[in-house]
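Report on one structure; see the data block that follows.
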Amino acid sequence: MNWANLFFDLFAVIVVILSVITITRRNAVHSAIALMMAFVGLAAIYVILGAELLAAIQVLVYAGGVMALMLFVIMSVKSDEQNQVKQTHAQTLIAAFVGVLFVVEIGVTVWMGFLYKNTGALAKSQLAAMGNTEALGTVLFTKFLFPFEVASVLLLAAMVGAIVLAKYKLER
Amino acid sequence: MTTVLPVPNLAAIGPEILVTVLACGLLLVDLFIPKDRKRAVGILALAGTVVTALFTMRYWNYSATTFSGMFVVDNFAVIFKEVFLFATAITILISLRYLEIEKVSLGEYYALMLFCTLGMMVMVSAADLVVIYIGLETMALSVYVLSGFMRFNVKSSEAALKYFLVGVFISGILLYGIALTYGVVGSTNLNAIAETIKLKGLKDNPVLMIAMFLLAAGFGLEIAMAPFHFWAPDVYEGSPTPVTAFISVAPKAAAFAALIRVFVVGIGLMAPHWQVLLWVIAALTMTIGNVTAALQSNVKRMLAYSSIAHAGYMLLGILAANTTGLAGVAFYFFAYAFMNMGAFGVIILLRREGIVGDEVDDFKGLAHTNPMAALLMVVFLLSLTGIPPTAGFIGKFLLFSAAIKAGFYWLVVIAVLNSVVSLFYYFRIAQAMYMGEAPDSSIPRPQGAPSLTVAIAIVGILTLFFGIYPHHLVELAKASVTTFIPFL
Amino acid sequence: MYHAISEYVPVLILLALAVGFGVVTLLVSFLVRPNDPYPDKLSPYECGIDPFTTGKLQIPVRFFVIVMLFLLFDVEAVFMYPWAAVYKKIGWYGFVEMFLFIVILLVGYIYAWAKGALEWE
């Protein structure tokens, strides 16, 4: 067992604990902060896996932007309602069932990954040649050119939508 | 290591470029148009949509694949793009006055509608799961905002929120399906997926089966087929009526087109599996849609459930997986665009200051107050039920005969029984119009704005025209699906 | 070109130092300080007057617009990292792509600016 594996396990445990905290706190702000730390922990895992760009995105977009959005949304709710977020309800059992199903499915997928030893061979050879970010950039700007350009329209539509729904003054 | 720089065929995405430029242009033009003249933005959008529709017609028999095999222009894509552009044009026509009555006449409405159209056009031309996904997102994001456009209306906001939450769920499920497919096959390109399944004999692969379920569920949520239909009635009821007309036709058509492309081109070899799955879903969807529709008193909700039922009929076409069936779906979407938008148009006609006009009781006495509108509504209702001489009848005839040809006798029996149930609730509206007592004369008579009248007249004439002379459109629809047959 | 994970050891050391500093400070003060709480002492300090609201305020929705726009441009910026990494390799080809990408978003920027979405009031 090398150091990278040890740290992978360490961060994995931290992320799991933080995720559990996220879904069990009654105070939404506490949940949000736990979630933010979980995002950072995930970024660490990405780094260990050699996906630096993904780690950077995780910190920049998720721990930065998405969390700021979440916190602002929580804070725009009345303060006495913030503390009364009920974390369990009638659908908890169904949710738990789906969760277990999901874990089983991931387990099967991982198990099958062990069966086929050569999975990810292509990715590994590519990585050895040029590194993760560069590999991603090359594919994104050549093969995936079209979805990349459509993504800008998607972002534009989102921008217009956000402004339409939240910015116009109440004119009634 | 040298990198191949693929040179894209920009001519192939001409219509998409046109729509993007149009939408961005509208956003900028809107900044200079005063608040009480926003109608001009709508007229500009309408003109642009019509031009794009005419321009797209030139791509019939164009046939090209570009952007590293991600984008394909074939007759199937062209015919569906025409459905979207037609639906967009009619929606703009029926929106012009409605937005002013609701006091939400903003230029962004039209820009968002075009962004949505772009997303759908991308979806139907996509030969890659990633492109389908991003097209779906562009479409869905615009539709969420459109359905919540009447921000002061609680129901409209509720509709937007519900649609958004369901939409996020769709994304998750769909992405999971795409990821599993990629994991098994090693590609997201539909042709490559088909190739790999054939070469490696993966058509009974269990993981691929799960992926198939997830993809069906993802598209099924967008189509609102049972058991994923629960969101549709609330969203349809709460959204501004023109938007309801739009989302009951266009995004549904886009999701159907993508479903056909993925299931036929991508996993066509798995047809025996997905036929079983779709058999169950189709039977459920038709029955739930029709039976629940019969219980509604709000016409928008009724049409929402009826739209679920129609999705069930259209599944017969995919299920049959033959030329008639797939062509039937394409034809049916044209017919459905005519008749459903017409029916919603009449609901908008009933919207006056102070009157919402979406209850069955609001239709009472329409035959006296506005005989022309009542007559056209009867045409739309006949077409929705599938009674000749309307386009709806031809569409149903194609779908049912395709299913019989493919040997799904019991499903056709269920579909016919369902059509009988639908007769009951559609004719409650007709009954209210012709036999109901007219409200007292103090309430203003339902009188459509010129643009609305034109829109209803156009779809009414088209419903009848393609009911009587369907030949040409049927041939076009058949020509559009010939490329799919080798995959089955 | 492939970066070894060992390059991240300084980050790890920094992380350990940061966590350690917090833990040690809290631990030491916990051990050293006298523990004698009473209500007045536990109330938040507000210039000596009794606090009359909780610290949590309900903030207006305009924060949401700002942070939403921030997020969108954030995502846009993310696309530039891989572009920068391969810029030399794909040259003008990539430049034109990125140009189109930014032009489309520029439309959104102009729109947001003209609509006053970037202003506070």
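Letters A, B, ... mark the chains of the structure tokens in the order given; residue numbers begin at 1 per chain; ligand numbers begin at 1, in order shown.
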Exercise for review: Please provide the set of residues having any atom within 7 Å of region 7-13 of chain A, restricted to only C-alpha atoms, with same-chain residues fewer than 6 positions apart removed, written as a ChimeraX atom specification.
Suggested key: /A:41,45,48
Using only C-alpha atoms, tabulate the residues of chain B lying at most 8 Å from any atom of chain A, each with its closest atom pair and that distance in Å to one decimal, by chain and increasing residue number, as a Markdown table.
| residue | atom | partner | partner_atom | distance |
| --- | --- | --- | --- | --- |
| B:Thr3 | CA | A:Thr138 | CA | 7.7 |
| B:Val4 | CA | A:Thr142 | CA | 7.5 |
| B:Leu5 | CA | A:Thr142 | CA | 5.9 |
| B:Pro6 | CA | A:Thr142 | CA | 6.4 |
| B:Thr20 | CA | A:Val153 | CA | 7.8 |
| B:Phe67 | CA | A:Phe146 | CA | 6.3 |
| B:Ser68 | CA | A:Lys143 | CA | 5.7 |
| B:Met70 | CA | A:Phe146 | CA | 7.6 |
| B:Phe71 | CA | A:Phe146 | CA | 7.9 |
| B:Glu108 | CA | A:Val160 | CA | 7.3 |
| B:Leu112 | CA | A:Ala157 | CA | 6.7 |
| B:Phe115 | CA | A:Ala157 | CA | 6.6 |
| B:Val130 | CA | A:Pro147 | CA | 7.3 |
| B:Val131 | CA | A:Pro147 | CA | 5.6 |
| B:Ile134 | CA | A:Pro147 | CA | 6.7 |
| B:Gly135 | CA | A:Val150 | CA | 7.6 |
| B:Glu137 | CA | A:Leu154 | CA | 7.3 |
| B:Thr138 | CA | A:Leu154 | CA | 4.9 |
| B:Leu141 | CA | A:Ala158 | CA | 6.6 |
| B:Ser142 | CA | A:Ala157 | CA | 6.3 |
| B:Val145 | CA | A:Gly161 | CA | 5.6 |
| B:Gly148 | CA | A:Leu165 | CA | 7.7 |
| B:Phe149 | CA | A:Leu165 | CA | 7.3 |
| B:Arg151 | CA | A:Leu165 | CA | 7.0 |
| B:Phe152 | CA | A:Leu170 | CA | 7.9 |
Restricted to C-alpha atoms, what would the selected residues look like written as a tab-separated table (two decimals), in the first residue's frame?
chain	number	residue	atom	x	y	z
B	3	THR	CA	-3.67	16.36	-33.46
B	4	VAL	CA	-6.20	16.07	-36.23
B	5	LEU	CA	-8.17	19.26	-36.54
B	6	PRO	CA	-11.53	18.26	-37.99
B	20	THR	CA	-28.73	31.30	-32.71
B	67	PHE	CA	-18.35	17.60	-36.40
B	68	SER	CA	-16.55	14.26	-35.95
B	70	MET	CA	-21.64	14.16	-33.85
B	71	PHE	CA	-24.05	16.10	-36.00
B	108	GLU	CA	-36.92	37.79	-23.55
B	112	LEU	CA	-35.97	32.04	-24.82
B	115	PHE	CA	-33.09	29.11	-27.53
B	130	VAL	CA	-23.36	13.94	-25.40
B	131	VAL	CA	-24.89	16.20	-28.03
B	134	ILE	CA	-26.62	19.19	-24.20
B	135	GLY	CA	-29.44	19.86	-26.65
B	137	GLU	CA	-30.47	20.85	-21.43
B	138	THR	CA	-30.63	23.92	-23.66
B	141	LEU	CA	-33.58	25.34	-19.33
B	142	SER	CA	-35.46	27.70	-21.61
B	145	VAL	CA	-38.16	29.88	-17.47
B	148	GLY	CA	-42.59	30.39	-14.88
B	149	PHE	CA	-42.89	33.49	-16.99
B	151	ARG	CA	-43.93	35.45	-12.02
B	152	PHE	CA	-46.76	36.99	-10.05
Point to revise | At most 7 Å to chain A: residues in chain C, only C-alpha atoms, as a ChimeraX atom specification | key: /C:1-2,5,56-65,67-72,74-75,78,82-83,85-86,94,101,104-105,108,117
Per residue of chain B within 7 Å of chain C, record the nearest atom pair and its distance in Å to one decimal, counting only C-alpha atoms, with rows in chain order and ascending residue number, as a tab-separated table.
residue	atom	partner	partner_atom	distance
B:Cys24	CA	C:Val107	CA	6.6
B:Leu27	CA	C:Tyr111	CA	6.8
B:Leu28	CA	C:Tyr111	CA	6.6
For those residues, write C-alpha atoms to a file as a compact mmCIF listing (two decimals), in the first residue's frame.
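Listed below is the output, part-v2.txt:
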# COMPACT_ATOMS: atom_id res chain seq x y z
CA CYS B 24 -29.00 36.69 -29.80
CA LEU B 27 -31.93 39.87 -27.04
CA LEU B 28 -29.97 42.88 -28.20
Exercise for review: Among the residues of chain A, find those DSSP assigns to alpha helix (DSSP H) from the backbone and print them as number ranges by chain.
Suggested key: A: 3-24, 28-48, 52-57, 67-75, 79-82, 92-115, 121-130, 132-141, 145-166
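Note that the spacing between CA of Ala320 (chain B) and CA of Phe408 (chain B) amounts to 7.7 Å.
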Practice item. Name all residues at most 10 Å from Ala11 (chain B) (count only C-alpha atoms; drop same-chain ones fewer than 5 positions away) and give them as a PyMOL selection string. Key: chain B and resi 16-17+59+64+66
Create the file for the chosen residues now, containing N, CA and C atoms and written as an mmCIF file, in the first residue's frame.
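What follows is the written file result-v3.cif:
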data_model
loop_
_atom_site.group_PDB
_atom_site.id
_atom_site.type_symbol
_atom_site.label_atom_id
_atom_site.label_comp_id
_atom_site.auth_asym_id
_atom_site.auth_seq_id
_atom_site.Cartn_x
_atom_site.Cartn_y
_atom_site.Cartn_z
ATOM 1 N N GLU B 16 -29.293 25.976 -37.591
ATOM 2 C CA GLU B 16 -28.945 26.192 -36.186
ATOM 3 C C GLU B 16 -28.251 27.539 -36.021
ATOM 4 N N ILE B 17 -27.338 27.850 -36.958
ATOM 5 C CA ILE B 17 -26.656 29.146 -36.884
ATOM 6 C C ILE B 17 -27.678 30.265 -36.989
ATOM 7 N N TYR B 59 -32.903 21.715 -46.886
ATOM 8 C CA TYR B 59 -32.020 20.635 -46.439
ATOM 9 C C TYR B 59 -32.639 19.262 -46.656
ATOM 10 N N ALA B 64 -25.850 14.838 -44.520
ATOM 11 C CA ALA B 64 -24.443 15.078 -44.204
ATOM 12 C C ALA B 64 -24.183 14.687 -42.759
ATOM 13 N N THR B 66 -21.242 15.608 -39.822
ATOM 14 C CA THR B 66 -20.098 16.489 -39.617
ATOM 15 C C THR B 66 -19.771 16.591 -38.130
#
Point to revise | Straight-line distance linking CA of Ser480 (chain B) with CA of Ala271 (chain B), stated in Å to one decimal | key: 20.1 Å
Excluding Phe164 (chain B) and residues on its chain fewer than 5 positions from it, collect all residues at most 9 Å away from it, counting only C-alpha atoms, and give them as a compact mmCIF listing (two decimals) with N, CA and C atoms, in the first residue's frame.
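Saved result, part-v8.txt, follows:
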# COMPACT_ATOMS: atom_id res chain seq x y z
N ALA B 140 -34.54 22.37 -22.19
CA ALA B 140 -35.24 22.30 -20.92
C ALA B 140 -35.07 23.59 -20.12
N LEU B 141 -33.85 24.13 -20.11
CA LEU B 141 -33.58 25.34 -19.33
C LEU B 141 -34.47 26.49 -19.79
N VAL B 143 -37.33 26.19 -21.29
CA VAL B 143 -38.74 25.89 -21.02
C VAL B 143 -39.08 26.13 -19.55
N TYR B 144 -38.13 25.85 -18.63
CA TYR B 144 -38.41 26.12 -17.21
C TYR B 144 -38.77 27.59 -17.04
N VAL B 145 -37.94 28.44 -17.64
CA VAL B 145 -38.16 29.88 -17.47
C VAL B 145 -39.48 30.28 -18.13
N ALA B 159 -45.40 25.74 -11.37
CA ALA B 159 -45.16 24.95 -12.57
C ALA B 159 -43.68 24.95 -12.91
N PHE B 169 -33.95 15.86 -12.43
CA PHE B 169 -34.03 14.41 -12.26
C PHE B 169 -33.80 13.70 -13.59
Exercise for review: Take CA of Thr196 (chain B) and CA of Leu215 (chain B) and report the distance between them in Å, one decimal.
Suggested key: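 We find that CA of Thr196 (chain B) and CA of Leu215 (chain B) lie 18.1 Å from each other.
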**Study point:** Exercise: Val346 (chain B) partners within 8 Å, only C-alpha atoms, chain neighbours under 2 positions left out, as an MDAnalysis selection string
**Key:** chainID B and resid 342:344 348:350 373 377 456
Selected residues written out with C-alpha atoms, as an mmCIF file, in the first residue's frame:
data_model
loop_
_atom_site.group_PDB
_atom_site.id
_atom_site.type_symbol
_atom_site.label_atom_id
_atom_site.label_comp_id
_atom_site.auth_asym_id
_atom_site.auth_seq_id
_atom_site.Cartn_x
_atom_site.Cartn_y
_atom_site.Cartn_z
ATOM 1 C CA GLY B 342 -55.495 24.696 -32.054
ATOM 2 C CA ALA B 343 -57.276 23.468 -28.943
ATOM 3 C CA PHE B 344 -55.014 25.554 -26.711
ATOM 4 C CA ILE B 348 -56.520 31.461 -25.098
ATOM 5 C CA LEU B 349 -59.419 32.927 -27.059
ATOM 6 C CA LEU B 350 -61.552 32.470 -23.959
ATOM 7 C CA ALA B 373 -64.290 29.217 -32.825
ATOM 8 C CA MET B 377 -62.763 23.472 -31.677
ATOM 9 C CA ILE B 456 -56.281 29.036 -35.075
#
Name all residues at most 8 Å from Ser19 (chain A) (count only C-alpha atoms; drop same-chain ones fewer than 6 positions away) and give them as a JSON list (two decimals) with N, CA and C atoms, in the first residue's frame.
[["chain", "number", "residue", "atom", "x", "y", "z"],
["A", 34, "ALA", "N", -20.88, 21.79, 5.73],
["A", 34, "ALA", "CA", -20.37, 20.42, 5.64],
["A", 34, "ALA", "C", -20.24, 20.00, 4.18],
["A", 35, "LEU", "N", -21.24, 20.39, 3.39],
["A", 35, "LEU", "CA", -21.21, 20.03, 1.97],
["A", 35, "LEU", "C", -20.03, 20.68, 1.28],
["A", 38, "ALA", "N", -17.05, 18.80, 2.01],
["A", 38, "ALA", "CA", -17.08, 17.55, 1.26],
["A", 38, "ALA", "C", -16.60, 17.78, -0.17]]
